[in-house]
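Shown below: entry-v6.txt, with compact mmCIF, N, CA and C atoms.
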```txt
# COMPACT_ATOMS: atom_id res chain seq x y z
N MET A 1 25.90 -1.68 4.16
CA MET A 1 26.12 -0.27 4.41
C MET A 1 25.33 0.55 3.39
N PHE A 2 24.63 1.57 3.85
CA PHE A 2 23.84 2.45 2.99
C PHE A 2 24.74 3.55 2.43
N ASN A 3 24.65 3.77 1.14
CA ASN A 3 25.38 4.86 0.51
C ASN A 3 24.39 5.61 -0.37
N ALA A 4 24.00 6.80 0.05
CA ALA A 4 22.97 7.56 -0.66
C ALA A 4 23.34 7.84 -2.09
N HIS A 5 24.61 8.03 -2.39
CA HIS A 5 25.00 8.34 -3.76
C HIS A 5 24.77 7.16 -4.71
N HIS A 6 24.95 5.96 -4.20
CA HIS A 6 24.75 4.80 -5.06
C HIS A 6 23.31 4.68 -5.55
N ILE A 7 22.33 5.09 -4.76
CA ILE A 7 20.94 4.94 -5.20
C ILE A 7 20.60 5.89 -6.34
N HIS A 8 21.43 6.91 -6.55
CA HIS A 8 21.21 7.84 -7.65
C HIS A 8 22.02 7.48 -8.89
N LEU A 9 23.10 6.74 -8.70
CA LEU A 9 24.04 6.50 -9.79
C LEU A 9 24.11 5.05 -10.26
N ASP A 10 23.84 4.11 -9.40
CA ASP A 10 24.08 2.70 -9.69
C ASP A 10 22.77 1.92 -9.65
N LYS A 11 22.25 1.59 -10.82
CA LYS A 11 20.97 0.88 -10.91
C LYS A 11 21.01 -0.46 -10.19
N GLU A 12 22.06 -1.23 -10.40
CA GLU A 12 22.16 -2.55 -9.77
C GLU A 12 22.17 -2.44 -8.24
N TYR A 13 22.90 -1.48 -7.72
CA TYR A 13 22.94 -1.26 -6.27
C TYR A 13 21.54 -0.90 -5.77
N CYS A 14 20.90 0.00 -6.49
CA CYS A 14 19.56 0.46 -6.10
C CYS A 14 18.58 -0.72 -6.04
N LEU A 15 18.67 -1.59 -7.03
CA LEU A 15 17.76 -2.73 -7.11
C LEU A 15 18.12 -3.85 -6.14
N LYS A 16 19.37 -4.30 -6.22
CA LYS A 16 19.75 -5.52 -5.50
C LYS A 16 20.12 -5.29 -4.05
N VAL A 17 20.72 -4.16 -3.72
CA VAL A 17 21.14 -3.91 -2.34
C VAL A 17 20.06 -3.18 -1.55
N GLU A 18 19.52 -2.10 -2.15
CA GLU A 18 18.52 -1.30 -1.44
C GLU A 18 17.09 -1.82 -1.63
N GLY A 19 16.87 -2.64 -2.66
CA GLY A 19 15.57 -3.27 -2.84
C GLY A 19 14.50 -2.41 -3.48
N TYR A 20 14.90 -1.35 -4.17
CA TYR A 20 13.92 -0.53 -4.85
C TYR A 20 13.40 -1.26 -6.09
N PRO A 21 12.17 -0.94 -6.53
CA PRO A 21 11.62 -1.65 -7.69
C PRO A 21 12.37 -1.30 -8.96
N GLY A 22 12.37 -2.23 -9.89
CA GLY A 22 13.03 -1.95 -11.15
C GLY A 22 13.14 -3.18 -12.02
N THR A 23 13.90 -3.04 -13.05
CA THR A 23 14.13 -4.16 -13.95
C THR A 23 15.58 -4.60 -13.84
N THR A 24 15.81 -5.84 -14.17
CA THR A 24 17.15 -6.39 -14.23
C THR A 24 17.30 -7.02 -15.61
N PRO A 25 18.49 -7.41 -16.01
CA PRO A 25 18.63 -8.06 -17.32
C PRO A 25 17.75 -9.30 -17.47
N GLU A 26 17.37 -9.92 -16.35
CA GLU A 26 16.54 -11.13 -16.39
C GLU A 26 15.05 -10.82 -16.50
N THR A 27 14.65 -9.57 -16.32
CA THR A 27 13.23 -9.21 -16.35
C THR A 27 12.69 -9.30 -17.77
N PRO A 28 11.62 -10.10 -17.97
CA PRO A 28 11.04 -10.18 -19.32
C PRO A 28 10.52 -8.82 -19.77
N PRO A 29 10.64 -8.49 -21.07
CA PRO A 29 10.23 -7.18 -21.56
C PRO A 29 8.77 -6.86 -21.28
N HIS A 30 7.88 -7.86 -21.28
CA HIS A 30 6.46 -7.58 -21.07
C HIS A 30 6.13 -7.18 -19.63
N VAL A 31 7.07 -7.40 -18.71
CA VAL A 31 6.84 -7.04 -17.30
C VAL A 31 7.06 -5.56 -17.06
N TYR A 32 7.88 -4.93 -17.89
CA TYR A 32 8.21 -3.52 -17.69
C TYR A 32 6.99 -2.64 -17.92
N SER A 33 6.73 -1.74 -17.01
CA SER A 33 5.66 -0.75 -17.17
C SER A 33 6.15 0.56 -16.56
N HIS A 34 5.32 1.60 -16.62
CA HIS A 34 5.74 2.88 -16.04
C HIS A 34 5.82 2.81 -14.52
N ASN A 35 5.32 1.73 -13.92
CA ASN A 35 5.41 1.57 -12.47
C ASN A 35 6.75 1.00 -12.03
N ILE A 36 7.52 0.48 -12.98
CA ILE A 36 8.80 -0.13 -12.64
C ILE A 36 9.90 0.79 -13.14
N ALA A 37 10.80 1.13 -12.26
CA ALA A 37 11.81 2.11 -12.62
C ALA A 37 13.20 1.59 -12.26
N GLU A 38 14.04 2.48 -11.79
CA GLU A 38 15.40 2.08 -11.47
C GLU A 38 16.03 2.97 -10.42
N ARG A 39 16.94 3.89 -10.80
CA ARG A 39 17.64 4.73 -9.83
C ARG A 39 16.71 5.80 -9.26
N LEU A 40 17.04 6.29 -8.08
CA LEU A 40 16.25 7.35 -7.49
C LEU A 40 16.70 8.71 -8.00
N VAL A 41 15.75 9.60 -8.19
CA VAL A 41 16.07 10.98 -8.56
C VAL A 41 16.58 11.68 -7.31
N HIS A 42 17.65 12.43 -7.45
CA HIS A 42 18.28 13.13 -6.34
C HIS A 42 17.33 14.19 -5.78
N GLY A 43 17.10 14.22 -4.48
CA GLY A 43 16.17 15.15 -3.85
C GLY A 43 16.47 16.62 -4.14
N PRO A 44 17.70 17.09 -3.95
CA PRO A 44 17.99 18.48 -4.25
C PRO A 44 17.77 18.84 -5.73
N LEU A 45 17.94 17.87 -6.63
CA LEU A 45 17.64 18.13 -8.04
C LEU A 45 16.14 18.36 -8.22
N THR A 46 15.33 17.56 -7.56
CA THR A 46 13.88 17.74 -7.63
C THR A 46 13.49 19.10 -7.05
N ALA A 47 14.10 19.48 -5.93
CA ALA A 47 13.82 20.79 -5.33
C ALA A 47 14.19 21.91 -6.30
N GLN A 48 15.31 21.77 -6.97
CA GLN A 48 15.72 22.78 -7.94
C GLN A 48 14.72 22.86 -9.09
N MET A 49 14.22 21.71 -9.55
CA MET A 49 13.22 21.71 -10.62
C MET A 49 11.94 22.42 -10.18
N LEU A 50 11.55 22.25 -8.92
CA LEU A 50 10.37 22.96 -8.41
C LEU A 50 10.58 24.47 -8.49
N LEU A 51 11.73 24.93 -8.02
CA LEU A 51 12.02 26.36 -8.06
C LEU A 51 12.15 26.89 -9.48
N GLU A 52 12.82 26.13 -10.33
CA GLU A 52 13.00 26.57 -11.71
C GLU A 52 11.67 26.66 -12.45
N THR A 53 10.74 25.81 -12.13
CA THR A 53 9.41 25.88 -12.75
C THR A 53 8.73 27.18 -12.38
N VAL A 54 8.81 27.56 -11.12
CA VAL A 54 8.20 28.82 -10.68
C VAL A 54 8.86 30.00 -11.38
N THR A 55 10.18 30.05 -11.40
CA THR A 55 10.86 31.21 -12.00
C THR A 55 10.73 31.22 -13.52
N PHE A 56 10.60 30.06 -14.15
CA PHE A 56 10.39 30.00 -15.59
C PHE A 56 9.06 30.64 -15.98
N HIS A 57 8.03 30.33 -15.21
CA HIS A 57 6.70 30.84 -15.51
C HIS A 57 6.47 32.27 -15.01
N MET A 58 7.30 32.72 -14.08
CA MET A 58 7.16 34.07 -13.54
C MET A 58 8.54 34.71 -13.41
N PRO A 59 9.16 35.06 -14.55
CA PRO A 59 10.49 35.67 -14.49
C PRO A 59 10.46 36.96 -13.67
N GLY A 60 11.52 37.20 -12.95
CA GLY A 60 11.61 38.42 -12.15
C GLY A 60 10.99 38.29 -10.77
N LEU A 61 10.37 37.16 -10.50
CA LEU A 61 9.78 36.94 -9.18
C LEU A 61 10.88 36.92 -8.13
N LYS A 62 10.67 37.59 -7.03
CA LYS A 62 11.66 37.63 -5.94
C LYS A 62 11.26 36.62 -4.86
N ILE A 63 12.08 35.60 -4.73
CA ILE A 63 11.80 34.55 -3.75
C ILE A 63 12.44 34.91 -2.42
N ALA A 64 11.63 34.89 -1.37
CA ALA A 64 12.11 35.19 -0.02
C ALA A 64 12.51 33.91 0.71
N GLU A 65 11.77 32.83 0.46
CA GLU A 65 12.00 31.60 1.21
C GLU A 65 11.49 30.42 0.40
N PHE A 66 12.15 29.27 0.59
CA PHE A 66 11.71 28.04 -0.05
C PHE A 66 11.90 26.90 0.93
N GLU A 67 10.82 26.20 1.21
CA GLU A 67 10.88 25.01 2.07
C GLU A 67 10.41 23.83 1.24
N TYR A 68 11.06 22.69 1.41
CA TYR A 68 10.61 21.51 0.67
C TYR A 68 10.78 20.26 1.51
N ARG A 69 10.04 19.24 1.12
CA ARG A 69 10.11 17.96 1.82
C ARG A 69 9.90 16.83 0.83
N ALA A 70 10.81 15.88 0.85
CA ALA A 70 10.64 14.66 0.05
C ALA A 70 9.62 13.78 0.76
N THR A 71 8.66 13.27 0.02
CA THR A 71 7.60 12.46 0.62
C THR A 71 7.61 11.00 0.14
N ASN A 72 8.10 10.78 -1.07
CA ASN A 72 8.19 9.43 -1.65
C ASN A 72 9.33 9.43 -2.65
N PRO A 73 9.94 8.26 -2.90
CA PRO A 73 11.00 8.23 -3.90
C PRO A 73 10.45 8.49 -5.30
N LEU A 74 11.22 9.18 -6.10
CA LEU A 74 10.94 9.39 -7.52
C LEU A 74 12.03 8.67 -8.29
N PHE A 75 11.67 8.04 -9.40
CA PHE A 75 12.61 7.18 -10.11
C PHE A 75 13.01 7.73 -11.47
N ALA A 76 14.25 7.46 -11.83
CA ALA A 76 14.76 7.83 -13.15
C ALA A 76 13.98 7.07 -14.22
N ASN A 77 13.94 7.64 -15.41
CA ASN A 77 13.27 7.04 -16.57
C ASN A 77 11.77 6.88 -16.39
N THR A 78 11.17 7.72 -15.57
CA THR A 78 9.72 7.79 -15.47
C THR A 78 9.31 9.24 -15.69
N GLU A 79 8.11 9.44 -16.19
CA GLU A 79 7.63 10.79 -16.41
C GLU A 79 7.20 11.40 -15.08
N LEU A 80 7.68 12.61 -14.83
CA LEU A 80 7.33 13.35 -13.62
C LEU A 80 6.71 14.67 -14.01
N THR A 81 5.78 15.14 -13.20
CA THR A 81 5.11 16.40 -13.48
C THR A 81 5.31 17.35 -12.31
N ILE A 82 5.69 18.59 -12.64
CA ILE A 82 5.82 19.65 -11.63
C ILE A 82 4.52 20.44 -11.64
N ASN A 83 3.95 20.65 -10.47
CA ASN A 83 2.70 21.38 -10.32
C ASN A 83 2.90 22.56 -9.38
N ALA A 84 2.09 23.59 -9.55
CA ALA A 84 2.16 24.75 -8.66
C ALA A 84 0.78 25.37 -8.53
N LYS A 85 0.53 25.94 -7.36
CA LYS A 85 -0.75 26.58 -7.09
C LYS A 85 -0.55 27.70 -6.08
N TRP A 86 -1.06 28.89 -6.41
CA TRP A 86 -1.02 30.00 -5.45
C TRP A 86 -1.95 29.65 -4.29
N THR A 87 -1.46 29.83 -3.06
CA THR A 87 -2.31 29.62 -1.89
C THR A 87 -2.74 30.94 -1.27
N ASP A 88 -1.95 31.99 -1.53
CA ASP A 88 -2.31 33.37 -1.18
C ASP A 88 -1.42 34.29 -2.00
N LYS A 89 -1.43 35.59 -1.74
CA LYS A 89 -0.69 36.54 -2.57
C LYS A 89 0.83 36.40 -2.49
N GLN A 90 1.33 35.73 -1.45
CA GLN A 90 2.78 35.60 -1.29
C GLN A 90 3.27 34.16 -1.24
N THR A 91 2.39 33.20 -1.42
CA THR A 91 2.77 31.81 -1.22
C THR A 91 2.33 30.93 -2.39
N ILE A 92 3.27 30.14 -2.87
CA ILE A 92 2.98 29.19 -3.93
C ILE A 92 3.31 27.78 -3.43
N LYS A 93 2.32 26.90 -3.51
CA LYS A 93 2.55 25.50 -3.18
C LYS A 93 3.04 24.81 -4.45
N VAL A 94 4.12 24.03 -4.35
CA VAL A 94 4.66 23.30 -5.49
C VAL A 94 4.80 21.83 -5.12
N TRP A 95 4.69 20.96 -6.12
CA TRP A 95 4.88 19.54 -5.87
C TRP A 95 5.24 18.83 -7.16
N CYS A 96 5.92 17.70 -6.99
CA CYS A 96 6.33 16.86 -8.11
C CYS A 96 5.70 15.49 -7.91
N GLN A 97 5.05 15.00 -8.98
CA GLN A 97 4.42 13.69 -8.86
C GLN A 97 4.69 12.86 -10.10
N ASN A 98 4.53 11.54 -9.94
CA ASN A 98 4.71 10.65 -11.08
C ASN A 98 3.36 10.41 -11.76
N ASN A 99 3.35 9.60 -12.80
CA ASN A 99 2.12 9.35 -13.56
C ASN A 99 1.05 8.61 -12.77
N ASP A 100 1.44 7.98 -11.68
CA ASP A 100 0.47 7.30 -10.82
C ASP A 100 -0.12 8.24 -9.79
N GLY A 101 0.30 9.51 -9.82
CA GLY A 101 -0.21 10.49 -8.86
C GLY A 101 0.51 10.48 -7.52
N ILE A 102 1.57 9.71 -7.43
CA ILE A 102 2.33 9.66 -6.17
C ILE A 102 3.22 10.89 -6.10
N VAL A 103 3.06 11.65 -5.03
CA VAL A 103 3.82 12.88 -4.85
C VAL A 103 5.16 12.54 -4.21
N GLY A 104 6.23 12.93 -4.90
CA GLY A 104 7.57 12.64 -4.42
C GLY A 104 8.17 13.78 -3.60
N MET A 105 7.72 15.01 -3.88
CA MET A 105 8.23 16.15 -3.14
C MET A 105 7.20 17.26 -3.14
N THR A 106 7.10 17.94 -2.01
CA THR A 106 6.24 19.11 -1.89
C THR A 106 7.11 20.29 -1.47
N GLY A 107 6.61 21.49 -1.74
CA GLY A 107 7.36 22.66 -1.34
C GLY A 107 6.46 23.87 -1.21
N ILE A 108 6.96 24.86 -0.52
CA ILE A 108 6.28 26.16 -0.36
C ILE A 108 7.28 27.23 -0.75
N VAL A 109 6.88 28.05 -1.73
CA VAL A 109 7.69 29.17 -2.17
C VAL A 109 7.03 30.44 -1.62
N THR A 110 7.78 31.22 -0.87
CA THR A 110 7.28 32.49 -0.37
C THR A 110 7.98 33.59 -1.12
N ILE A 111 7.21 34.52 -1.65
CA ILE A 111 7.80 35.62 -2.43
C ILE A 111 7.79 36.89 -1.62
N VAL A 112 8.62 37.85 -2.06
CA VAL A 112 8.73 39.15 -1.39
C VAL A 112 7.51 39.97 -1.73
```

What would you get if you wrote out this structure as structure tokens?
Amino acid sequence: MFNAHHIHLDKEYCLKVEGYPGTTPETPPHVYSHNIAERLVHGPLTAQMLLETVTFHMPGLKIAEFEYRATNPLFANTELTINAKWTDKQTIKVWCQNNDGIVGMTGIVTIV
């Protein structure tokens, strides 16, 4: 049975039941790299980070609409980068990616 909450909270469940990449107590230390992770980052948390990045850099900005889409899993204990780019005077494209350049979430922020 799939339980979405377990993939965010329970490393063993995420690894052994859902089959996501990661380490276990049996994994030799030299095998661990930034490509191997554990629990999944919660999608709405990632979406919130995208929005907070925009408002942090542009306080007072009035957001009219926000659309987002998860594209790949993002994992806990890995470095993630939030990016943003104006596409026109009212639209900002945002995305979150890991150090390998894999984009985990994209979004469009439309301002008033």

Inset, instruction - Please provide as an MDAnalysis selection string all residues within 8 Å of region 88-98 of chain A, with the sequence filter that same-chain residues fewer than 6 positions apart are discarded (counting only C-alpha atoms). - result: chainID A and resid 46 50 74 78:82 104:112

Inset, instruction - State, in Å with one decimal place, the distance from atom C of Ala70 (chain A) to atom C of Gly19 (chain A). - result: 17.4 Å

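Here atom N of Gln48 (chain A) stands at a distance of 10.9 Å from CA of Arg69 (chain A).
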
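In this model, the gap between CA of Trp86 (chain A) and CA of Val41 (chain A) comes to 25.8 Å.
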
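Nearest residue to His57 (chain A) among A:Asn77, A:Asn83, A:Arg39, A:Pro44 is A:Asn83, counting only C-alpha atoms.
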
Inset, instruction - Enumerate as a ChimeraX atom specification all residues of region 8-106 of chain A assigned to strand (DSSP E or B) by DSSP on the backbone, naming them with the chain letters and numbers the document uses. - result: /A:40,63-70,75,80-88,91-98,103-106
